[in-house]
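**Student:** This is the content of coords_17.pdb (PDB, C-alpha atoms):
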ATOM      1  CA  MET U  21     175.093 -52.878 -41.508
ATOM      2  CA  GLU U  22     172.290 -51.294 -39.472
ATOM      3  CA  LYS U  23     169.649 -53.237 -37.582
ATOM      4  CA  THR U  24     166.252 -52.032 -36.440
ATOM      5  CA  LEU U  25     163.245 -53.395 -34.616
ATOM      6  CA  VAL U  26     160.013 -53.496 -36.584
ATOM      7  CA  PHE U  27     156.787 -55.090 -35.471
ATOM      8  CA  ALA U  28     153.404 -55.343 -37.089
ATOM      9  CA  LYS U  29     150.897 -54.116 -34.519
ATOM     10  CA  PRO U  30     147.665 -56.070 -33.918
ATOM     11  CA  ASP U  31     145.886 -54.270 -36.771
ATOM     12  CA  GLY U  32     148.704 -55.478 -39.027
ATOM     13  CA  THR U  33     148.514 -59.091 -37.862
ATOM     14  CA  VAL U  34     144.755 -59.579 -37.623
ATOM     15  CA  ARG U  35     144.398 -57.929 -41.056
ATOM     16  CA  ARG U  36     146.437 -60.633 -42.747
ATOM     17  CA  TYR U  37     146.776 -58.943 -46.153
ATOM     18  CA  ALA U  38     148.014 -55.700 -44.586
ATOM     19  CA  GLY U  39     150.644 -57.552 -42.575
ATOM     20  CA  ALA U  40     151.775 -59.479 -45.636
ATOM     21  CA  ARG U  41     152.130 -56.221 -47.577
ATOM     22  CA  LEU U  42     154.259 -54.728 -44.805
ATOM     23  CA  VAL U  43     156.617 -57.708 -44.841
ATOM     24  CA  LYS U  44     156.712 -57.860 -48.645
ATOM     25  CA  SER U  45     157.678 -54.187 -48.785
ATOM     26  CA  LEU U  46     160.642 -54.860 -46.499
ATOM     27  CA  ILE U  47     161.736 -57.828 -48.623
ATOM     28  CA  ASP U  48     161.301 -55.885 -51.875
ATOM     29  CA  ALA U  49     163.445 -53.069 -50.446
ATOM     30  CA  GLY U  50     166.326 -55.532 -50.183
ATOM     31  CA  PHE U  51     166.395 -55.860 -46.396
ATOM     32  CA  SER U  52     167.165 -59.095 -44.573
ATOM     33  CA  PHE U  53     165.947 -60.513 -41.270
ATOM     34  CA  ASP U  54     167.895 -61.530 -38.178
ATOM     35  CA  PHE U  55     164.567 -62.497 -36.609
ATOM     36  CA  PHE U  56     161.037 -62.958 -37.894
ATOM     37  CA  GLY U  57     158.163 -64.439 -35.947
ATOM     38  CA  GLN U  58     154.636 -64.040 -34.641
ATOM     39  CA  ILE U  59     154.817 -63.631 -30.861
ATOM     40  CA  LYS U  60     152.759 -62.128 -28.044
ATOM     41  CA  PRO U  61     154.808 -60.109 -25.542
ATOM     42  CA  ASP U  62     152.966 -59.645 -22.280
ATOM     43  CA  ARG U  63     151.319 -56.403 -21.261
ATOM     44  CA  LYS U  64     153.896 -55.827 -18.526
ATOM     45  CA  PHE U  65     156.779 -55.824 -21.029
ATOM     46  CA  PHE U  66     155.086 -53.203 -23.181
ATOM     47  CA  ALA U  67     154.184 -51.050 -20.177
ATOM     48  CA  GLU U  68     157.373 -51.316 -18.146
ATOM     49  CA  ARG U  69     159.963 -51.690 -20.891
ATOM     50  CA  HIS U  70     159.093 -50.893 -24.501
ATOM     51  CA  TYR U  71     156.745 -47.920 -23.962
ATOM     52  CA  VAL U  72     157.844 -46.887 -20.455
ATOM     53  CA  GLN U  73     159.027 -43.464 -21.659
ATOM     54  CA  TYR U  74     155.397 -42.595 -22.423
ATOM     55  CA  SER U  75     154.018 -43.650 -19.039
ATOM     56  CA  ASP U  76     153.006 -40.091 -18.149
ATOM     57  CA  LYS U  77     151.211 -39.460 -21.443
ATOM     58  CA  PRO U  78     147.409 -39.540 -21.725
ATOM     59  CA  PHE U  79     147.556 -42.138 -24.509
ATOM     60  CA  PHE U  80     149.769 -44.558 -22.555
ATOM     61  CA  ARG U  81     147.145 -46.911 -21.128
ATOM     62  CA  SER U  82     145.178 -47.176 -24.362
ATOM     63  CA  THR U  83     148.378 -47.824 -26.325
ATOM     64  CA  ILE U  84     149.299 -50.689 -24.006
ATOM     65  CA  GLN U  85     145.776 -52.091 -24.272
ATOM     66  CA  PHE U  86     145.970 -52.011 -28.053
ATOM     67  CA  VAL U  87     149.462 -53.439 -28.655
ATOM     68  CA  SER U  88     148.830 -56.284 -26.194
ATOM     69  CA  SER U  89     145.402 -57.153 -27.630
ATOM     70  CA  ALA U  90     146.703 -59.804 -30.071
ATOM     71  CA  PRO U  91     149.923 -61.408 -31.317
ATOM     72  CA  ILE U  92     152.317 -59.199 -33.229
ATOM     73  CA  VAL U  93     154.851 -60.030 -35.946
ATOM     74  CA  ALA U  94     158.256 -59.053 -34.584
ATOM     75  CA  MET U  95     161.203 -58.478 -36.917
ATOM     76  CA  ILE U  96     164.840 -57.514 -36.610
ATOM     77  CA  VAL U  97     165.462 -55.975 -40.015
ATOM     78  CA  CYS U  98     168.939 -55.412 -41.418
ATOM     79  CA  GLY U  99     170.384 -53.343 -44.244
ATOM     80  CA  ASP U 100     172.202 -50.189 -45.207
ATOM     81  CA  GLY U 101     170.318 -47.171 -43.875
ATOM     82  CA  VAL U 102     167.496 -49.476 -42.755
ATOM     83  CA  ILE U 103     166.419 -47.346 -39.781
ATOM     84  CA  SER U 104     165.564 -44.209 -41.722
ATOM     85  CA  LYS U 105     164.428 -46.075 -44.834
ATOM     86  CA  VAL U 106     161.849 -48.174 -42.976
ATOM     87  CA  ARG U 107     160.462 -45.146 -41.178
ATOM     88  CA  THR U 108     160.158 -43.324 -44.498
ATOM     89  CA  MET U 109     158.344 -46.324 -45.997
ATOM     90  CA  LEU U 110     155.915 -46.361 -43.068
ATOM     91  CA  GLY U 111     155.196 -42.628 -43.130
ATOM     92  CA  PRO U 112     153.946 -40.341 -40.327
ATOM     93  CA  THR U 113     152.640 -41.735 -37.050
ATOM     94  CA  MET U 114     149.005 -40.731 -37.550
ATOM     95  CA  ALA U 115     147.697 -43.199 -40.106
ATOM     96  CA  ASP U 116     144.772 -41.100 -41.319
ATOM     97  CA  LYS U 117     147.165 -38.196 -42.024
ATOM     98  CA  ALA U 118     149.866 -40.274 -43.715
ATOM     99  CA  PRO U 119     150.374 -39.935 -47.492
ATOM    100  CA  LEU U 120     148.682 -42.678 -49.463
ATOM    101  CA  ASP U 121     151.986 -43.791 -50.967
ATOM    102  CA  THR U 122     153.256 -44.831 -47.506
ATOM    103  CA  LEU U 123     152.454 -48.090 -45.749
ATOM    104  CA  ARG U 124     150.574 -46.374 -42.935
ATOM    105  CA  GLY U 125     148.666 -44.265 -45.422
ATOM    106  CA  MET U 126     147.612 -47.378 -47.300
ATOM    107  CA  TYR U 127     147.019 -49.816 -44.442
ATOM    108  CA  GLY U 128     146.997 -48.046 -41.051
ATOM    109  CA  LEU U 129     143.475 -47.800 -39.654
ATOM    110  CA  TYR U 130     143.366 -44.425 -37.900
ATOM    111  CA  ALA U 131     145.571 -42.238 -35.689
ATOM    112  CA  GLY U 132     148.013 -44.402 -33.687
ATOM    113  CA  VAL U 133     146.449 -47.647 -34.886
ATOM    114  CA  ASN U 134     148.999 -47.416 -37.649
ATOM    115  CA  LEU U 135     150.073 -50.884 -38.810
ATOM    116  CA  SER U 136     153.624 -51.021 -37.463
ATOM    117  CA  HIS U 137     156.269 -49.836 -35.040
ATOM    118  CA  ALA U 138     159.791 -49.105 -36.300
ATOM    119  CA  SER U 139     162.655 -47.885 -34.130
ATOM    120  CA  ASP U 140     164.139 -44.451 -34.746
ATOM    121  CA  GLN U 141     167.848 -43.600 -34.852
ATOM    122  CA  GLU U 142     168.028 -42.971 -31.100
ATOM    123  CA  SER U 143     166.203 -46.126 -30.012
ATOM    124  CA  ALA U 144     167.094 -48.809 -32.587
ATOM    125  CA  GLU U 145     170.177 -50.301 -30.930
ATOM    126  CA  LYS U 146     168.569 -50.238 -27.486
ATOM    127  CA  GLU U 147     165.277 -51.776 -28.679
ATOM    128  CA  VAL U 148     166.968 -54.530 -30.687
ATOM    129  CA  LYS U 149     169.048 -55.534 -27.649
ATOM    130  CA  MET U 150     166.101 -55.302 -25.250
ATOM    131  CA  TRP U 151     163.849 -57.461 -27.400
ATOM    132  CA  ILE U 152     166.569 -60.079 -27.945
ATOM    133  CA  ASP U 153     167.354 -60.168 -24.217
ATOM    134  CA  GLU U 154     163.764 -60.195 -22.961
ATOM    135  CA  VAL U 155     161.279 -61.274 -25.650
ATOM    136  CA  ILE U 156     162.751 -62.891 -28.734
ATOM    137  CA  ALA U 157     164.089 -66.435 -28.622
ATOM    138  CA  LEU U 158     166.689 -66.456 -31.394
ATOM    139  CA  ASP U 159     167.220 -69.787 -33.165
ATOM    140  CA  THR U 160     170.586 -69.801 -34.920
ATOM    141  CA  ASP U 161     169.493 -72.731 -37.090
ATOM    142  CA  LYS U 162     166.394 -71.001 -38.438
ATOM    143  CA  ASP U 163     166.277 -69.224 -41.805
ATOM    144  CA  TYR U 164     164.378 -66.076 -40.872
ATOM    145  CA  ASN U 165     164.490 -64.734 -44.424
ATOM    146  CA  LYS U 166     162.620 -67.834 -45.571
ATOM    147  CA  ALA U 167     160.186 -67.430 -42.669
ATOM    148  CA  ALA U 168     159.407 -63.900 -43.878
ATOM    149  CA  ARG U 169     158.911 -65.064 -47.460
ATOM    150  CA  ASP U 170     156.683 -67.917 -46.303
ATOM    151  CA  TYR U 171     154.576 -65.472 -44.282
ATOM    152  CA  VAL U 172     154.035 -63.310 -47.352
ATOM    153  CA  ALA U 173     153.169 -66.313 -49.512
ATOM    154  CA  LYS U 174     150.643 -67.540 -46.943
ATOM    155  CA  TYR U 175     148.770 -64.274 -46.460
ATOM    156  CA  ILE U 176     149.258 -62.128 -49.560
ATOM    157  CA  ASP U 177     146.084 -63.482 -51.176
ATOM    158  CA  PHE U 178     143.881 -62.976 -48.110
ATOM    159  CA  PRO U 179     140.765 -60.837 -48.606
ATOM    160  CA  MET U 180     141.245 -57.138 -47.963
ATOM    161  CA  ILE U 181     138.746 -54.495 -46.926
ATOM    162  CA  ASP U 182     139.577 -51.023 -48.225
ATOM    163  CA  THR U 183     141.253 -49.122 -45.379
ATOM    164  CA  MET U 184     139.131 -46.091 -46.234
ATOM    165  CA  ARG U 185     136.040 -48.029 -45.173
ATOM    166  CA  TYR U 186     137.408 -48.291 -41.641
ATOM    167  CA  ARG U 187     138.362 -44.631 -41.602
ATOM    168  CA  GLU U 188     134.929 -43.554 -42.768
ATOM    169  CA  LEU U 189     133.272 -45.577 -40.008
ATOM    170  CA  ILE U 190     135.631 -44.285 -37.331
ATOM    171  CA  LYS U 191     135.165 -40.684 -38.455
ATOM    172  CA  THR U 192     131.402 -41.144 -38.348
ATOM    173  CA  ALA U 193     131.672 -42.283 -34.721
ATOM    174  CA  ILE U 194     134.049 -39.439 -33.830
ATOM    175  CA  ASP U 195     131.463 -37.028 -35.258
ATOM    176  CA  LYS U 196     128.864 -38.820 -33.089
ATOM    177  CA  LYS U 197     126.742 -39.827 -36.070
ATOM    178  CA  ILE U 198     126.785 -43.474 -34.965
ATOM    179  CA  ARG U 199     127.106 -45.006 -31.510
ATOM    180  CA  LEU U 200     130.441 -46.440 -30.396
ATOM    181  CA  GLU U 201     128.784 -49.815 -29.802
ATOM    182  CA  ASP U 202     127.560 -49.864 -33.403
ATOM    183  CA  LEU U 203     131.059 -48.993 -34.600
ATOM    184  CA  LYS U 204     132.458 -51.947 -32.639
ATOM    185  CA  ILE U 205     129.992 -54.291 -34.325
ATOM    186  CA  ASP U 206     130.818 -52.943 -37.778
ATOM    187  CA  MET U 207     134.575 -53.094 -37.218
ATOM    188  CA  PHE U 208     134.385 -56.643 -35.910
ATOM    189  CA  SER U 209     132.479 -57.678 -39.015
ATOM    190  CA  LEU U 210     135.052 -56.081 -41.315
ATOM    191  CA  LEU U 211     138.095 -57.433 -39.472
ATOM    192  CA  LYS U 212     136.653 -60.945 -39.439
ATOM    193  CA  LYS U 213     136.555 -60.899 -43.242
ATOM    194  CA  GLU U 214     140.289 -60.163 -43.363
ATOM    195  CA  SER U 215     141.440 -62.581 -40.700
ATOM    196  CA  ASP U 216     141.947 -66.166 -39.593
ATOM    197  CA  PHE U 217     142.152 -65.220 -35.905
ATOM    198  CA  ASP U 218     139.479 -66.399 -33.492
ATOM    199  CA  ASP U 219     136.527 -64.181 -32.621
ATOM    200  CA  ASP U 220     137.775 -63.375 -29.117
ATOM    201  CA  THR U 221     141.081 -62.069 -30.461
ATOM    202  CA  ILE U 222     139.375 -59.997 -33.140
ATOM    203  CA  GLN U 223     137.052 -58.495 -30.531
ATOM    204  CA  SER U 224     140.035 -57.717 -28.300
ATOM    205  CA  VAL U 225     141.703 -55.868 -31.184
ATOM    206  CA  VAL U 226     138.516 -53.898 -31.865
ATOM    207  CA  GLU U 227     138.297 -52.847 -28.215
ATOM    208  CA  GLY U 228     142.001 -51.975 -28.031
ATOM    209  CA  ALA U 229     142.095 -50.123 -31.319
ATOM    210  CA  LEU U 230     139.074 -47.977 -30.535
ATOM    211  CA  ALA U 231     140.307 -47.230 -27.004
ATOM    212  CA  ASN U 232     143.524 -45.964 -28.594
ATOM    213  CA  ILE U 233     141.811 -43.958 -31.331
ATOM    214  CA  MET U 234     139.239 -42.372 -29.040
ATOM    215  CA  SER U 235     141.684 -41.533 -26.226
TER     216      SER U 235
END
Is it possible to give me this structure as structure tokens?

**Tutor:**
Amino acid sequence: MEKTLVFAKPDGTVRRYAGARLVKSLIDAGFSFDFFGQIKPDRKFFAERHYVQYSDKPFFRSTIQFVSSAPIVAMIVCGDGVISKVRTMLGPTMADKAPLDTLRGMYGLYAGVNLSHASDQESAEKEVKMWIDEVIALDTDKDYNKAARDYVAKYIDFPMIDTMRYRELIKTAIDKKIRLEDLKIDMFSLLKKESDFDDDTIQSVVEGALANIMS
């Protein structure tokens, strides 16, 4: 049975409904969980371990800023063909280009602010081991499948703002029809309606997400 690393990025945790839909989709697909939990890996781990292969890319710093801006929901997901199946469910990397019948197309905000990471065939085994060794504290007595179901039950009825509203606002700023500072205010207001995180965390996600999108 294959295993893969999946984590809901900060836009998928702060937007509670979107995160719940991601997890529900994995459950409904028949996958199981060897780990499930909301954690906050430090910036150094993302920069020097998880995303180190992109350290020479222009988007590297903004990606690290974004993924470390809030807690994530980390999952080790198991099942037959799980690696390719999860990536197909998520859809293409760029959220605004992803088909609307994929999770990123439905819930990713824009560009690389795309709801979730999922390992590919080449990286899955390495990432699962690295996260277990360095980030995840496995509890052999914990029922992680129940933890995933409980997460869905807790957040599936949270308010949701139509993803297209975010994309329209971001596109307006990209086209320089509104100021970036006004976009930050509008995005904070929208995210707050979808979240139970504190204001400082929501603001951090806004700053990180827009740094990533505009880079």

**Student:** Taking into account all atoms listed in the file, which residue in the set U:Ser209, U:Gln141, U:Thr183, U:Gln58 is nearest to Ile222 (chain U)?

**Tutor:**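 Of U:Ser209, U:Gln141, U:Thr183, U:Gln58, the one nearest Ile222 (chain U), counting all atoms listed in the file, is U:Ser209.
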
**Student:** Could you name the residues that touch Gln223 (chain U) at 8 Å or less, counting all atoms listed in the file, but leaving out those on the same chain fewer than 4 positions away, as a PyMOL selection string?

**Tutor:** chain U and resi 208+219+227

**Student:** Determine the residue membership of the PyMOL selection byres ((chain U and resi 148-157) around 10) for the file above and supply it as a ChimeraX atom specification.

**Tutor:** /U:23-26,55-57,59-62,65,69-70,94-97,139,143-147,158-160

**Student:** Grab the CA of His137 (chain U) to CA of Phe27 (chain U) distance for me, in Å with one decimal place.

**Tutor:** 5.3 Å

**Student:** Please report the interatomic distance between CA of Tyr71 (chain U) and CA of Arg36 (chain U) in Å with one decimal.

**Tutor:** 24.9 Å

**Student:** Calculated over all atoms listed in the file, which of the candidates U:Arg63, U:Ser104, U:Asp140, U:Leu42 has the smallest distance to Ile84 (chain U)?

**Tutor:**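 Comparing U:Arg63, U:Ser104, U:Asp140, U:Leu42 against Ile84 (chain U), the winner is U:Arg63.
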
**Student:** So, counting only C-alpha atoms, which residue among U:Ser75, U:Thr122, U:Gln85, U:Asn165 is closest to Ser52 (chain U)?

**Tutor:** U:Asn165

**Student:** How many Å lie between CA of Ile47 (chain U) and CA of Val87 (chain U), rounded to one decimal?

**Tutor:**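 Separation between CA of Ile47 (chain U) and CA of Val87 (chain U): 23.8 Å.
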
**Student:** Evaluate the PyMOL selection byres ((chain U and resi 28) around 6) on the structure here and hand back the selected residues as a PyMOL selection string.

**Tutor:** chain U and resi 27+29+32+92-93+135-136

**Student:** Enumerate, as a tab-separated table (two decimals) with C-alpha atoms, in the coordinates of the input, the protein, DNA and RNA residues whose atoms approach (147.6, -49.0, -25.9) to within 10 Å, taking into account only C-alpha atoms and the coordinate frame of the file.

**Tutor:**
chain	number	residue	atom	x	y	z
U	63	ARG	CA	151.32	-56.40	-21.26
U	66	PHE	CA	155.09	-53.20	-23.18
U	67	ALA	CA	154.18	-51.05	-20.18
U	71	TYR	CA	156.74	-47.92	-23.96
U	79	PHE	CA	147.56	-42.14	-24.51
U	80	PHE	CA	149.77	-44.56	-22.56
U	81	ARG	CA	147.15	-46.91	-21.13
U	82	SER	CA	145.18	-47.18	-24.36
U	83	THR	CA	148.38	-47.82	-26.32
U	84	ILE	CA	149.30	-50.69	-24.01
U	85	GLN	CA	145.78	-52.09	-24.27
U	86	PHE	CA	145.97	-52.01	-28.05
U	87	VAL	CA	149.46	-53.44	-28.66
U	88	SER	CA	148.83	-56.28	-26.19
U	89	SER	CA	145.40	-57.15	-27.63
U	132	GLY	CA	148.01	-44.40	-33.69
U	133	VAL	CA	146.45	-47.65	-34.89
U	228	GLY	CA	142.00	-51.98	-28.03
U	229	ALA	CA	142.10	-50.12	-31.32
U	230	LEU	CA	139.07	-47.98	-30.54
U	231	ALA	CA	140.31	-47.23	-27.00
U	232	ASN	CA	143.52	-45.96	-28.59
U	233	ILE	CA	141.81	-43.96	-31.33
U	235	SER	CA	141.68	-41.53	-26.23

**Student:** May I have the centre and edge lengths, in Å to one decimal, of an axis-aligned box around the listed atoms of region 182-198 of chain U with 5 Å added to every side, as AutoDock Vina command-line options?

**Tutor:**
--center_x 134.0 --center_y -44.0 --center_z -40.7 --size_x 24.5 --size_y 24.0 --size_z 25.1

**Student:** In terms of the shortest atom-to-atom distance over all atoms listed in the file, which of U:Met207, U:Asp48, U:Lys213, U:Lys166 is closest to Glu188 (chain U)?

**Tutor:** U:Met207

**Student:** Hey, what's within 6 Å of region 214-218 of chain U if we count all atoms listed in the file and toss same-chain stuff fewer than 6 positions away? As a ChimeraX atom specification, please?

**Tutor:** /U:34-36,179-180

**Student:** Would you mind telling me which residue in U:Ile194, U:Ser224, U:Tyr37, U:Met21 lies nearest to Tyr171 (chain U) when using only C-alpha atoms?

**Tutor:**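 For Tyr171 (chain U), the nearest of the given residues is U:Tyr37.
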
**Student:** Counting only C-alpha atoms, which residue out of U:Asp195, U:Asp161, U:Asp206, U:Asp177 sits closest to Arg41 (chain U)?

**Tutor:**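 Among the listed residues, the smallest separation from Arg41 (chain U) belongs to U:Asp177.
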
**Student:** Excluding Met184 (chain U) and its own-chain neighbours fewer than 2 positions away, which residues fall within 12 Å of it when counting all atoms listed in the file? Please give them as a ChimeraX atom specification.

**Tutor:** /U:115-116,120,124-130,180-182,186-191,210
